[in-house]
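Reviewing the structure listed below.
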Amino acid sequence: MADEGIGGVFGPDWSATGGVVRSICDSLHLPHLEMHWAPSHLHDYHPFTINLYPEPKLLAKALVAVIEDMDWTSFTLIYENTDSLVRMQELLKAHDSQLISEDRVPFTVWQLGEGPDYRPLLKEIQMTSETRIVLDCSVDKILAVLHQAKQVKLMGEYHSYILTSLDAHTLDLGELKSGGTNITMLSLIDRNKYTVQSAIYDLNNPARSSIELDNKKLNLSATTIKTGSALIYDAVQLYSKAVSEMVGDSVRVAPLPCHTPGYYWKHGYSIVSRMKRSTIEGMTGKVELDEKGRRSFFTIVITELSENGQRKIGSWDPLSGITYTRTKSQMDREIYQSISNKTFIVTSRLGKPYLWTKGDNYSGNDRFEGYSIDLIDEISKDLGFKYKFVLVSDGQYGTYNKKTKQWNGLIRELRERRADLAICDLTITYDRRSAVDFTMPFMTLGISILYSKPVKTSPGLFSFLSPLSLDVWMYMATAFLGVSLVLYIGCRISPYEWENPHPCNLDSDHLECVFSLHNCLWFSIGSLTGAGCDLLPKTISTRLLAGVWWFFALIMVSSYTANLAAFLTMERMEDTIENVEDLAKQNKIKYGVLLGGSSLDFFRDSNVSTYQKMWSVMESTRPTVFVKNNDEGVERVLKGKRAYAFFMESTSIEYQVEKHCELTQVGGLLDSKGYGIAMPFNSPYRTAISGSVLKMQESGKLHELKNKWWKEKSGKTCESSKHVPLATNELGMSNVGGVFLVLIIGCTLAFLVAILEFLWQVRKVAVQEKVKHRNFSKKLKQAYTL
Ligand code: ASP
């Protein structure tokens with residue numbers, strides 16, 4: 001063709017021959033316009049080639065943005081061949097670092113296979129419970145894949161697909177919209193906006209050119225136009241615009257002998273550089289190229305197929321990212337509309353006061369009553385949906401088995417899409433949250449201890465000892481002995497305690513001290529009991545000691561009396577545990593927890609040493625302390641004669657305490673959490689149901705419901721224990737320690753004063769008898785032997 005003379009080459013779209021065409025165009029300086037995807041690594045720079053297909057890295061960026069915007073933390077990618085894997089590598093790279101947990105990876109990748117039966121693969125994907133799927137395959141396979149996905153139940157209400165093919169908009173997906181699956185498509189053609197312009201330019205005879213650039217809206221249906229055709233159209237537009245700008249240069253094609261080197265088309269270079277510089281508004285939106293001829297600006301139109309049909313919801317371009325045409329309130333309105341036609345399958349488990357059966361005479365939802373059914377009923381009235389209650393077959397809440405990698409209970413029902421909602425006393429935990437979605441918590445609570453109330457005991461024979469603790473009694477006895485001893489020594493030292501036993505005989509040298517050891521003991525005990533004593537100290541030191549001792553006795557006796565009065569009027573209760581530490585410290589009272597619940601997980605996974613210790617005690621205790629349901633736990637506490645305590649959630653404890661007056665909650669809450677309504681991942685109804693729960697919380701409806709089932713329906717009011725005086729505690733050293741301190745200081749002072757008195761007397765005798773210094777020590781010895 002070049003031999004005859006050509007002005008440019010459009011295509012080919014088969015990339016294998018592209019390389020040959022590119023190098024021929026390079027050497028002949030012929031403008032070469034491509035319109036197909038080419039991986040970046042094949043995109044060596046060819047100065048005369050431009051490609052109108054979106055630059056691969058930018059296109060991948062658009063896909064990443066859409067996925068991120070849709071909050072897809074994990075997804076499954078189904079790809080067709082190596083090319084599509086290359087296309088998707090940017091997406092995989094973007095999600096590679098977001099490893100969520102060992103069990104939850106950000107994406108899984110599956111190859112579609114030869115077909116035409118894709119069901120085995122789709123079935124396998126269905127088993128993984130993944131609901132978000134990115135399908136990257138050629139447009140002619142999409143319908144077959146989606147129809148087969150529907151057959152294997154991979155096109156349910158909670159499934160979402162992204163079709164990466166830019167031609168997906170040409171497919172008739174009408175049949176698939178009834179399943180409620182959300183299908184998102186990306187396209188370059190905005191069906192509401194494209195225009196077709198016509199331009200004719202005769203390169204052989206420029207005078208005959210007619211360029212009609214006025215916009216003519218042609219009556220073409222966008223769904224029939226493939227991206228490739230639209231790109232050819234835009235390529236021609238771009239080319240014609242560049243040539244039309246060069247009319248003055250009288251552009252003509254020239255025969256270019258292909259096999260003779262050195263020949264090239266002289267206008268080629270300027271046409272190509274004009275094309276790279278110019279911008280047009282084509283069928284695929286605004287076309288802008290970079291200096292290497294790659295399409296650096298394009299607009300991806302995001303369309304969504306839902307039950308309401310196919311609709312543009314937004315667009316992406318490299319400058320402004322995602323822009324939504326649908327507002328948040330529009331989206332909410334659509335969800336509210338779709339919710340009102342639905343009948344939700346609500347799964348639950350039996351357990352008072354949340355749900356229990358009324359009897360065999362009822363059918364349908366009437367079989368049940370309880371808090372859960374009332375709560376769902378209120379929400380359904382608010383949002384206008386219907387519901388059907390179904391009991392979970394294994395009666396479990398939902399725990400993850402690491403070995404089988406399977407959930408059980410309510411969580412499994414949701415994951416396998418057998419139910420739309422799960423409601424009961426289902427605690428929101430991190431693990432469960434990674435498997436299902438939860439609404440706002442409708443109740444907040446924590447783990448606490450359910451235990452029997454202490455029973456009254458008759459006062460013991462030695463209950464008079466109770467007002468003071470054993471420590472205080474021991475210290476008092478020691479103080480009594482100590483003071484007696486100090487008094488005895490003080491009297492020996494102090495000279496003024498020595499008196500003539502025969503006052504009539506003034507000449508007698510014989511002196512006596514009345515405070516013998518046993519008199520000292522008598523004096524101390526007499527003072528302590530308030531009985532008094534006929535012997536009284538006379539010197540400053542001993543009086544000081546006696547004063548302090550009397551003061552001590554005063555305080556101790558009045559404290560004892562005051563506390564004794566309280567002890568006598570109070571009903572004695574059995575010793576009881578006051579908190580979880582008390583429970584952990586002892587081994588008389590066994591304690592346990594519900595099997596397969598979040599409370600068990602709390603102890604098993606706790607890092608707090610007390611709870612760790614309690615967990616290992618629980619695990620090793622035989623017979624087992626674990627129970628299958630809360631009722632069994634309550635039964636065990638009731639029958640256990642205060643030998644068994646049960647860890648239960650505070651809300652359930654409140655209910656049991658209202659029902660069984662002999663039970664009580666011990667201590668505070670060990671943690672803080674909430675119950676929520678669970679639903680399958682990505683449920684579109686989460687916001688609506690959460691909103692309804694919030695409304696009920698604000699209007700006080702939740703509180704009202706709780707009162708109804710906890711207080712009114714329990715039909716029993718336990719006698720308030722208000723009139724029973726609280727157990728009085730014995731006085732400990734912390735209460736009376738100060739008096740002991742005063743006593744010790746007093747004793748020490750008395751002892752020091754006694755020594756001073758002694759020295760004073762020695763000095764007096766020495767002065768009287770004019771004793772010389774050297775004889776002083778002799779005199780001292782003499783005085784001491786007195
Ligand atoms: N409400 C808890 C759960 O959801 C049961 C419990 O451990 O008490 O697992």
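Labels for the structure tokens follow display order: chains A, B, ..., residues from 1 in each chain, ligands from 1.
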
Gly530 of chain A: which residues within 9 Å, counting only C-alpha atoms, same-chain residues fewer than 4 positions away excluded, as a PDB file with C-alpha atoms, in the first residue's frame?
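Result file is selection.pdb:
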```
ATOM      1  CA  ILE A 525      -4.831  -5.175 132.711  1.00  0.00           C
ATOM      2  CA  GLY A 526      -6.840  -3.166 135.235  1.00  0.00           C
ATOM      3  CA  TRP A 550      -4.956   4.793 129.552  1.00  0.00           C
ATOM      4  CA  ALA A 553      -7.218   1.690 126.516  1.00  0.00           C
ATOM      5  CA  LEU A 554      -9.809   4.431 126.072  1.00  0.00           C
ATOM      6  CA  VAL A 557     -12.328  -0.068 124.482  1.00  0.00           C
TER       7      VAL A 557
END
```

Checklist entry - Once you count only C-alpha atoms and all ligand atoms, which residues end up within 10 Å of ligand 1, and could you hand them over as an MDAnalysis selection string? => result chainID A and resid 396:399 409:410 424:429 432 445:447 593:602 629:630 647:652 673:676

Dump of N, CA, C and O atoms for the selected residues, as a compact mmCIF listing (two decimals), in the first residue's frame:
```txt
# COMPACT_ATOMS: atom_id res chain seq x y z
N GLN A 396 -26.07 -23.35 68.27
CA GLN A 396 -24.84 -22.65 68.69
C GLN A 396 -24.86 -21.19 68.26
O GLN A 396 -25.55 -20.82 67.33
N TYR A 397 -24.05 -20.39 68.95
CA TYR A 397 -23.95 -18.97 68.58
C TYR A 397 -23.10 -18.83 67.32
O TYR A 397 -23.48 -18.17 66.37
N GLY A 398 -21.95 -19.43 67.34
CA GLY A 398 -21.05 -19.32 66.18
C GLY A 398 -19.61 -19.19 66.62
O GLY A 398 -19.20 -18.18 67.15
N THR A 399 -18.88 -20.29 66.42
CA THR A 399 -17.44 -20.25 66.69
C THR A 399 -16.71 -20.79 65.47
O THR A 399 -17.25 -21.60 64.71
N GLY A 409 -23.10 -22.78 64.04
CA GLY A 409 -24.16 -21.96 64.61
C GLY A 409 -24.73 -20.90 63.68
O GLY A 409 -24.81 -21.08 62.47
N LEU A 410 -25.11 -19.81 64.31
CA LEU A 410 -25.79 -18.74 63.57
C LEU A 410 -24.90 -18.16 62.48
O LEU A 410 -25.36 -17.83 61.39
N CYS A 424 -30.16 -12.82 68.52
CA CYS A 424 -30.29 -13.41 69.85
C CYS A 424 -29.26 -12.69 70.70
O CYS A 424 -28.85 -11.59 70.32
N ASP A 425 -28.85 -13.28 71.79
CA ASP A 425 -27.81 -12.62 72.59
C ASP A 425 -26.46 -12.92 71.94
O ASP A 425 -25.57 -13.51 72.55
N LEU A 426 -26.31 -12.45 70.73
CA LEU A 426 -25.12 -12.75 69.93
C LEU A 426 -24.11 -11.60 70.08
O LEU A 426 -24.36 -10.49 69.63
N THR A 427 -23.01 -11.92 70.70
CA THR A 427 -22.02 -10.89 71.00
C THR A 427 -21.22 -10.51 69.76
O THR A 427 -20.83 -11.38 68.98
N ILE A 428 -20.99 -9.22 69.60
CA ILE A 428 -20.16 -8.76 68.48
C ILE A 428 -18.71 -8.98 68.88
O ILE A 428 -18.24 -8.42 69.86
N THR A 429 -18.02 -9.83 68.14
CA THR A 429 -16.60 -10.05 68.43
C THR A 429 -15.80 -9.81 67.16
O THR A 429 -16.37 -9.80 66.06
N ARG A 432 -16.01 -12.79 64.67
CA ARG A 432 -17.31 -12.89 63.99
C ARG A 432 -17.47 -11.74 63.00
O ARG A 432 -18.05 -11.91 61.93
N LEU A 445 -23.11 -4.80 77.49
CA LEU A 445 -22.98 -5.71 78.62
C LEU A 445 -21.53 -6.06 78.87
O LEU A 445 -20.65 -5.53 78.20
N GLY A 446 -21.31 -6.97 79.79
CA GLY A 446 -19.96 -7.47 80.06
C GLY A 446 -20.09 -8.78 80.81
O GLY A 446 -21.17 -9.12 81.30
N ILE A 447 -18.98 -9.50 80.90
CA ILE A 447 -19.03 -10.79 81.62
C ILE A 447 -19.00 -10.51 83.13
O ILE A 447 -18.27 -9.62 83.58
N VAL A 593 -17.98 -21.74 82.59
CA VAL A 593 -18.46 -20.82 81.58
C VAL A 593 -19.17 -21.61 80.48
O VAL A 593 -19.01 -22.82 80.39
N LEU A 594 -19.94 -20.89 79.65
CA LEU A 594 -20.70 -21.53 78.58
C LEU A 594 -19.78 -22.01 77.45
O LEU A 594 -18.90 -21.26 77.01
N LEU A 595 -20.01 -23.21 76.98
CA LEU A 595 -19.21 -23.76 75.86
C LEU A 595 -19.63 -23.10 74.54
O LEU A 595 -20.81 -22.87 74.33
N GLY A 596 -18.67 -22.82 73.69
CA GLY A 596 -18.99 -22.31 72.35
C GLY A 596 -19.48 -20.88 72.32
O GLY A 596 -20.10 -20.46 71.36
N GLY A 597 -19.19 -20.13 73.37
CA GLY A 597 -19.63 -18.73 73.39
C GLY A 597 -18.46 -17.77 73.46
O GLY A 597 -17.31 -18.18 73.63
N SER A 598 -18.77 -16.49 73.36
CA SER A 598 -17.71 -15.49 73.37
C SER A 598 -17.11 -15.35 74.76
O SER A 598 -15.96 -14.92 74.89
N SER A 599 -17.86 -15.74 75.82
CA SER A 599 -17.31 -15.62 77.17
C SER A 599 -16.15 -16.60 77.34
O SER A 599 -15.13 -16.27 77.96
N LEU A 600 -16.31 -17.79 76.77
CA LEU A 600 -15.24 -18.78 76.83
C LEU A 600 -14.02 -18.25 76.06
O LEU A 600 -12.88 -18.33 76.54
N ASP A 601 -14.28 -17.67 74.89
CA ASP A 601 -13.17 -17.11 74.10
C ASP A 601 -12.44 -16.04 74.89
O ASP A 601 -11.23 -15.90 74.79
N PHE A 602 -13.20 -15.28 75.68
CA PHE A 602 -12.59 -14.21 76.45
C PHE A 602 -11.54 -14.76 77.40
O PHE A 602 -10.42 -14.26 77.47
N ASN A 629 -25.53 -24.70 77.86
CA ASN A 629 -26.29 -23.47 77.68
C ASN A 629 -26.43 -22.75 79.01
O ASN A 629 -26.12 -23.31 80.07
N ASN A 630 -26.88 -21.51 78.93
CA ASN A 630 -26.95 -20.68 80.13
C ASN A 630 -27.86 -21.30 81.19
O ASN A 630 -27.56 -21.23 82.38
N PHE A 647 -19.73 -17.90 85.05
CA PHE A 647 -19.45 -16.65 84.33
C PHE A 647 -20.49 -16.48 83.23
O PHE A 647 -20.60 -17.32 82.35
N MET A 648 -21.23 -15.41 83.31
CA MET A 648 -22.31 -15.21 82.35
C MET A 648 -22.35 -13.74 81.98
O MET A 648 -21.80 -12.89 82.69
N GLU A 649 -23.03 -13.45 80.88
CA GLU A 649 -23.09 -12.05 80.47
C GLU A 649 -24.08 -11.29 81.36
O GLU A 649 -25.12 -11.82 81.73
N SER A 650 -23.69 -10.05 81.69
CA SER A 650 -24.43 -9.30 82.73
C SER A 650 -25.92 -9.18 82.45
O SER A 650 -26.72 -9.23 83.37
N THR A 651 -26.30 -9.05 81.17
CA THR A 651 -27.73 -8.91 80.86
C THR A 651 -28.48 -10.18 81.24
O THR A 651 -29.58 -10.12 81.79
N SER A 652 -27.88 -11.34 80.95
CA SER A 652 -28.53 -12.59 81.31
C SER A 652 -28.53 -12.76 82.83
O SER A 652 -29.49 -13.30 83.39
N LYS A 673 -18.88 -5.17 76.01
CA LYS A 673 -19.18 -5.52 74.61
C LYS A 673 -20.66 -5.30 74.34
O LYS A 673 -21.37 -4.76 75.18
N GLY A 674 -21.11 -5.75 73.19
CA GLY A 674 -22.51 -5.52 72.85
C GLY A 674 -23.09 -6.65 72.03
O GLY A 674 -22.36 -7.45 71.43
N TYR A 675 -24.42 -6.72 72.01
CA TYR A 675 -25.11 -7.67 71.14
C TYR A 675 -25.52 -6.92 69.88
O TYR A 675 -25.97 -5.78 69.95
N GLY A 676 -25.38 -7.58 68.73
CA GLY A 676 -25.80 -6.94 67.49
C GLY A 676 -26.57 -7.93 66.64
O GLY A 676 -26.52 -9.14 66.85
```

Next on the checklist: Can you tell me which residues surround Gly737 of chain A at a distance of at most 12 Å, considering only C-alpha atoms, apart from same-chain residues fewer than 2 positions away, and format the answer as a list in words?
Outcome noted: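 Selected residues are Leu468, Ser469, Asp471, Val472, Trp473, Tyr475, Met476, Ala479, Phe552, Ile555, Met556, Leu731, Gly732, Met733, Ser734, Asn735, Val739, Phe740, Leu741, Val742, Leu743 and Ile744 of chain A.
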
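Distances from A:Tyr488, A:Tyr451, A:Trp709, A:Phe107 to Leu517 of chain A were compared using only C-alpha atoms, and the smallest one belongs to A:Tyr488.
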
Item to check | Contacts of Gly113 of chain A at 10 Å (only C-alpha atoms; same-chain gap of 3+ positions) as JSON, numbers by chain | outcome: {"A": [78, 79, 80, 81, 110, 116, 117, 118, 121]}

Checklist entry - By how many Å are atom CA of Ile449 of chain A and atom CA of Lys352 of chain A apart? => result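 If I compute the distance from atom CA of Ile449 of chain A to atom CA of Lys352 of chain A, I get 18.0 Å.
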
Item to check | Between atom CA of Pro454 of chain A and atom CA of Lys659 of chain A, distance in Å (one decimal) | outcome: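 That distance, rounded to one decimal, is 17.1 Å.
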
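Within segment 393-426 of chain A, DSSP run on the backbone puts these residues in strand (DSSP E): Tyr400, Asn401, Gln406, Trp407, Leu421 and Ala422 of chain A.
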
Checklist entry - If you count only C-alpha atoms, which residues fall within 10 Å of segment 359-374 of chain A, apart from same-chain ones fewer than 5 positions away, as a ChimeraX atom specification? => result /A:346,348-354,379-380,387-390,422-425,677,702,705-710,713

Next on the checklist: When you count only C-alpha atoms, which of these residues is closest to Ser23 of chain A: A:Ala242, A:Cys258, A:Cys661, A:Val767?
Outcome noted: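 Distance minimum relative to Ser23 of chain A lands on A:Cys258.
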
Next on the checklist: Restricting the calculation to only C-alpha atoms: of A:His510, A:Lys453, A:Ser683, A:Lys286, which residue gets closest to Val637 of chain A?
Outcome noted: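 Closest to Val637 of chain A of all the choices is A:Lys453.
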
Next on the checklist: Need the shell around Lys588 of chain A: protein/DNA/RNA residues with any atom at most 10 Å away, counting only C-alpha atoms. Skip same-chain ones fewer than 6 positions apart. Format as an NGL selection string?
Outcome noted: :A and (642-644)

Item to check | Secondary structure check, helix (DSSP H, G or I) residues of segment 240-431 of chain A, as a ChimeraX atom specification | outcome: /A:240-244,247-249,268-277,328-339,364-367,371-383,409-415,430-431
